[in-house]
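Asks: Okay, here's the structure, questions in a sec.
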Amino acid sequence: MSALTSPKTYAGLAAFHAVDAVACGVQVAPIKKVLDDLGVPDEIRPVLPVVKAAAAIGLLSVTRFPALARLTTAMLTLYFTLAVGAHIRAHDKVVNTVPAATFLATFAVMTVKGPDRG
């Protein structure tokens, strides 16, 4: 078992995405500023909390439905690929891009390895 294949890691990341979904839903100031800086259109913003909540549910499915959890990490890899692309397109500071790039790498490795079984 590695840290990235552990159900506890999936649960921790699910908790993060659940909190992030709420923060995106109420548009806390730092998140609103990032979305503004990246030029995310207003009509896209209501979708983000739904995507993040779905990600939390998918990650939490790891013990009962490991294939769904793996699909979720694959979709999060795509999500964070788009996020990194948005930061690059907006000529954002590297320091602001690092979290998205870190999540991209994390979810890509999790997708390749898949969750622990058993």
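Within each chain, counting starts at residue 1; across the structure tokens, chains are named A, B, ... in the order shown, with ligands numbered 1 upward in that order.
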Quick one: residues within 9 Å of Ala74 in chain A, only C-alpha atoms, excluding same-chain residues fewer than 5 positions away - as a PyMOL selection string?
Replies: chain A and resi 69+79+107-108+110-112
Asks: Measuring between only C-alpha atoms, which one of A:Ala18, A:Pro115, A:Leu76, A:Ala90 shows the shortest distance to Thr102 in chain A?
Replies: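 When distances to Thr102 in chain A are compared using only C-alpha atoms, the smallest one comes from A:Leu76.
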Asks: For a quick check of understanding, using only C-alpha atoms, which of A:Ile31, A:Ala11, A:Ala83, A:Ala21 has the smallest distance to Thr63 in chain A?
Replies: A:Ala11
Asks: Tell me, as a list of chain:residue names, which residues lie within 9 Å of Val109 in chain A, counting only C-alpha atoms; anything in the same chain fewer than 4 positions away does not count.
Replies: A:Leu4, A:Thr73, A:Leu104, A:Ala105, A:Lys113, A:Gly114
Asks: Taking C-alpha atoms for each residue, export the selection above as a PDB file, in the first residue's frame.
Replies:
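Just written: selection_38.pdb:
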ATOM      1  CA  LEU A   4      -1.604   7.532  -2.972  1.00  0.00           C
ATOM      2  CA  THR A  73      -9.251  10.497 -10.301  1.00  0.00           C
ATOM      3  CA  LEU A 104      -2.727  17.312 -11.536  1.00  0.00           C
ATOM      4  CA  ALA A 105       0.334  15.190 -10.762  1.00  0.00           C
ATOM      5  CA  LYS A 113      -1.967   3.145  -9.700  1.00  0.00           C
ATOM      6  CA  GLY A 114      -5.627   2.819  -8.797  1.00  0.00           C
TER       7      GLY A 114
END
